[in-house]
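For reference, the structure discussed in these notes is given below.
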Amino acid sequence: MKTLAPGSTIGVLGGGQLGRMMALSASQLGFKTHIYCPEKNNPAEQVAQKVTHSDYTDEKSLAAFADAVDVVTYEFENIPVSSVEFLCAKVAVFPNSKVLQVSQDRLLEKHFLNDLGIATAPFRGVSSIEDTISALNDLSYPAVLKTRRFGYDGKGQSIVNAKNDIKTAWQTLNNDQIIVEAFINFDIEISVIAVRGQGGEVKCFVPVENKHKNHILDVSTAPARIGNEIKEAAIKQASKIIGELEYVGVLTVEFFVSKDKPTLRVNEIAPRVHNSGHWTIEACPSSQFEQHIRAICGLPLGDTGFSGEAQMTNLIGDDILQYEMLLNEKGARVHHYGKKEIRAGRKMGHVTRLSQKKS
Ligand code: AMP
């Protein structure tokens, strides 16, 4: 285990709001950040000490970046595995590349989870319309077709209610690496944000309940409205996943919670800090971002305790126009990601509201 001293530089692959909030936490703990991202004027570089604008596959830039930093992490999962492996040969990289391979491919991810004894939606990997028809003879309708790779916020997904929908779904997805999932009639969606330190210690925040609008996270409420048994089971499964991957840093596990058995099914894992954990900034002694920085720097993990109620609402697209109004709202904690251009579906900021637990 290598402990980094304050003053060291953390390299972050990716320049979005997650990198921005990571950099703010790093700064609070006395670390510098160096952002590596192809896009100029990104949210993270506005609060970091250094930035490299280059492609993720440019080995000359990656090598110079590795020389300039003391540890590397990433804030999104679609970084080429080969780039992370290239960096690993030169500098410590957390989390490791094993988790990227698993989480970049929905089919591998589901096999990995099922092999651990963790339930997911029933699924089949398919590569043609004929395969899909026969998979759905087994799984039955409705079902969700998803591209195996590079899907997020509902992109790369199509619902099929009957055999007649299959052809259109294939045309929409325009990809031949597809996973078919049975549609789960869940009651609620929850996530568990877990952190694992370099010595193997694991801590989890309380499960949080997530509501989506147009496939994008809208509101996260902590704690989730679930009984103790489900809460403990979700935390146990997340701890098992993060331990099995020998992961260092913050990892998020999203679950469907149903009345029918199995009560818990993992929808997906995200090898990073997560939108559903933003409430921890104000609500917990050590936020998800701080925990991630602590873990990758070889420092002791922080306190994940939380006893009240918290609600995080994303400010998406035009919602950001409420900025001044929210600044006038008592108790509202407003975050602006520094993005200039408002676009529909773009995450522009968020607001967190805390309250005492109702008895
Ligand atoms: P994903 O990109 O896999 O996280 O999916 C985005 C959202 O689509 C999830 O948060 C769910 O609300 C919904 N969804 C995805 N897969 C399924 C499924 N198998 N059954 C029901 N809803 C799903």
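Just remember, in the structure tokens the first chain shown is A, the second B, etc., residues are 1-based per chain, and ligands are 1-based in the order shown.
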Please identify every polymer residue within 10 Å of ligand 1, using only C-alpha atoms and all ligand atoms, and present the set as an MDAnalysis selection string. chainID A and resid 106 120:123 142:147 150:159 180:186 188:190 210:217 254:256 265:270
Can you pull out every residue within 9 Å of segment 115-117 of chain A, counting only C-alpha atoms, but drop anything in the same chain fewer than 6 positions away, and send it as a list of chain:residue names?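 In the requested format, the answer is A:Lys240, A:Ile241, A:Glu244.
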Residues from the last selection, C-alpha atoms, saved as a CSV table (one decimal), in the first residue's frame:
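Output saved as part34.csv:
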```csv
chain,number,residue,atom,x,y,z
A,240,LYS,CA,-19.1,-8.8,-2.3
A,241,ILE,CA,-18.8,-7.3,-5.8
A,244,GLU,CA,-14.3,-9.8,-5.6
```
Write out as number ranges by chain the set of residues from segment 85-218 of chain A that DSSP, computed on the backbone, places in alpha helix (DSSP H). A: 85-88, 97-103, 106-115, 129-139, 166-173
Writer output for current selection, C-alpha atoms, as a PDB file, in the first residue's frame:
```pdb
ATOM      1  CA  GLU A  85      -3.339  -0.745 -19.192  1.00  0.00           C
ATOM      2  CA  PHE A  86      -0.757   1.500 -20.889  1.00  0.00           C
ATOM      3  CA  LEU A  87      -0.884   3.860 -17.899  1.00  0.00           C
ATOM      4  CA  CYS A  88      -0.752   0.973 -15.383  1.00  0.00           C
ATOM      5  CA  SER A  97      -8.609  -2.281 -15.462  1.00  0.00           C
ATOM      6  CA  LYS A  98     -10.347  -5.602 -14.624  1.00  0.00           C
ATOM      7  CA  VAL A  99     -13.480  -3.755 -13.578  1.00  0.00           C
ATOM      8  CA  LEU A 100     -13.517  -1.759 -16.818  1.00  0.00           C
ATOM      9  CA  GLN A 101     -13.541  -4.925 -18.889  1.00  0.00           C
ATOM     10  CA  VAL A 102     -16.492  -6.226 -16.896  1.00  0.00           C
ATOM     11  CA  SER A 103     -18.505  -3.020 -16.701  1.00  0.00           C
ATOM     12  CA  ARG A 106     -23.337  -5.676 -20.218  1.00  0.00           C
ATOM     13  CA  LEU A 107     -23.104  -9.376 -21.141  1.00  0.00           C
ATOM     14  CA  LEU A 108     -19.794  -9.974 -19.290  1.00  0.00           C
ATOM     15  CA  GLU A 109     -21.121  -7.917 -16.390  1.00  0.00           C
ATOM     16  CA  LYS A 110     -24.243 -10.070 -15.997  1.00  0.00           C
ATOM     17  CA  HIS A 111     -22.227 -13.321 -16.214  1.00  0.00           C
ATOM     18  CA  PHE A 112     -19.799 -11.965 -13.615  1.00  0.00           C
ATOM     19  CA  LEU A 113     -22.672 -11.115 -11.240  1.00  0.00           C
ATOM     20  CA  ASN A 114     -24.530 -14.412 -11.727  1.00  0.00           C
ATOM     21  CA  ASP A 115     -21.271 -16.332 -11.138  1.00  0.00           C
ATOM     22  CA  ILE A 129     -32.830 -10.879 -35.335  1.00  0.00           C
ATOM     23  CA  GLU A 130     -33.296 -14.701 -35.518  1.00  0.00           C
ATOM     24  CA  ASP A 131     -31.313 -15.125 -32.255  1.00  0.00           C
ATOM     25  CA  THR A 132     -33.493 -12.479 -30.632  1.00  0.00           C
ATOM     26  CA  ILE A 133     -36.713 -14.215 -31.684  1.00  0.00           C
ATOM     27  CA  SER A 134     -35.542 -17.512 -30.212  1.00  0.00           C
ATOM     28  CA  ALA A 135     -34.195 -15.808 -27.031  1.00  0.00           C
ATOM     29  CA  LEU A 136     -37.602 -14.214 -26.541  1.00  0.00           C
ATOM     30  CA  ASN A 137     -39.335 -17.560 -26.926  1.00  0.00           C
ATOM     31  CA  ASP A 138     -37.516 -18.380 -23.655  1.00  0.00           C
ATOM     32  CA  LEU A 139     -37.585 -15.022 -21.886  1.00  0.00           C
ATOM     33  CA  ILE A 166     -37.970  -6.821 -32.878  1.00  0.00           C
ATOM     34  CA  LYS A 167     -36.995  -5.653 -36.361  1.00  0.00           C
ATOM     35  CA  THR A 168     -37.582  -1.970 -35.512  1.00  0.00           C
ATOM     36  CA  ALA A 169     -35.613  -2.356 -32.271  1.00  0.00           C
ATOM     37  CA  TRP A 170     -32.659  -3.772 -34.205  1.00  0.00           C
ATOM     38  CA  GLN A 171     -32.839  -0.906 -36.689  1.00  0.00           C
ATOM     39  CA  THR A 172     -32.949   1.638 -33.833  1.00  0.00           C
ATOM     40  CA  LEU A 173     -29.974   0.115 -32.017  1.00  0.00           C
TER      41      LEU A 173
END
```
May I ask which of the residues A:Ser27, A:Ser83, A:Asn42, A:Thr3 is the closest one to Glu341 of chain A, counting only C-alpha atoms?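 Checking each of A:Ser27, A:Ser83, A:Asn42, A:Thr3 against Glu341 of chain A, counting only C-alpha atoms, the winner is A:Asn42.
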Of the candidates A:Val91, A:Val192, A:Val248, A:Ala23, which shows the shortest atom-to-atom distance to Asp70 of chain A, using only C-alpha atoms?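 Checking each of A:Val91, A:Val192, A:Val248, A:Ala23 against Asp70 of chain A, counting only C-alpha atoms, the winner is A:Val91.
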Need the shell around Lys90 of chain A: protein/DNA/RNA residues with any atom at most 8 Å away, counting only C-alpha atoms. Skip same-chain ones fewer than 5 positions apart. Format as a count of residues only? 3
Two-atom distance - atom CA of Thr9 of chain A, atom CA of Lys60 of chain A (Å): 19.4 Å
Show which residues sit within 10 Å of Phe31 of chain A, as a list of chain:residue names. Count only C-alpha atoms, and ignore same-chain residues fewer than 3 positions away.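 In the requested form, the answer reads A:Leu4, A:Ala5, A:Pro6, A:Gly7, A:Ser8, A:Thr9, A:Ile10, A:Ala23, A:Leu24, A:Ser25, A:Ala26, A:Ser27, A:Gln28, A:Gln49, A:Ile293, A:Cys297.
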Check the smallest atom-to-atom distance from each of A:Lys2, A:His292, A:Lys340, A:Arg353 to Asn41 of chain A using only C-alpha atoms, then report the winner.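 Residue with the minimum atom-to-atom distance to Asn41 of chain A: A:Lys340.
Note that the spacing between atom CA of Ala162 of chain A and atom CA of Gly125 of chain A amounts to 18.4 Å.
Within 6 Å of Gly317 of chain A, once only C-alpha atoms are used and residues closer than 6 positions along the same chain are dropped, the contacting residues are Ile342, Arg343, Ala344, Gly345 and Arg346 of chain A.
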For the residues in that selection, give me C-alpha atoms as a PDB file, in the first residue's frame.
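Saved file part09.pdb follows:
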```
ATOM      1  CA  ILE A 342     -27.696  24.554 -22.003  1.00  0.00           C
ATOM      2  CA  ARG A 343     -28.817  21.463 -23.922  1.00  0.00           C
ATOM      3  CA  ALA A 344     -31.882  19.269 -23.454  1.00  0.00           C
ATOM      4  CA  GLY A 345     -30.930  16.229 -21.370  1.00  0.00           C
ATOM      5  CA  ARG A 346     -27.610  17.750 -20.293  1.00  0.00           C
TER       6      ARG A 346
END
```
Shell around segment 322-327 of chain A at 12 Å using only C-alpha atoms, local window under 5 positions removed, as a ChimeraX atom specification: /A:313-317,332-338,348-353
If I take atom CA of Cys37 of chain A and atom CA of Ile242 of chain A, how far is one from the other in Å, to one decimal?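 According to the coordinates, atom CA of Cys37 of chain A and atom CA of Ile242 of chain A are separated by 26.5 Å.
Considering only C-alpha atoms, the residue among A:Tyr56, A:Leu264, A:Gly298, A:Phe205 positioned nearest to Gly277 of chain A is A:Phe205.
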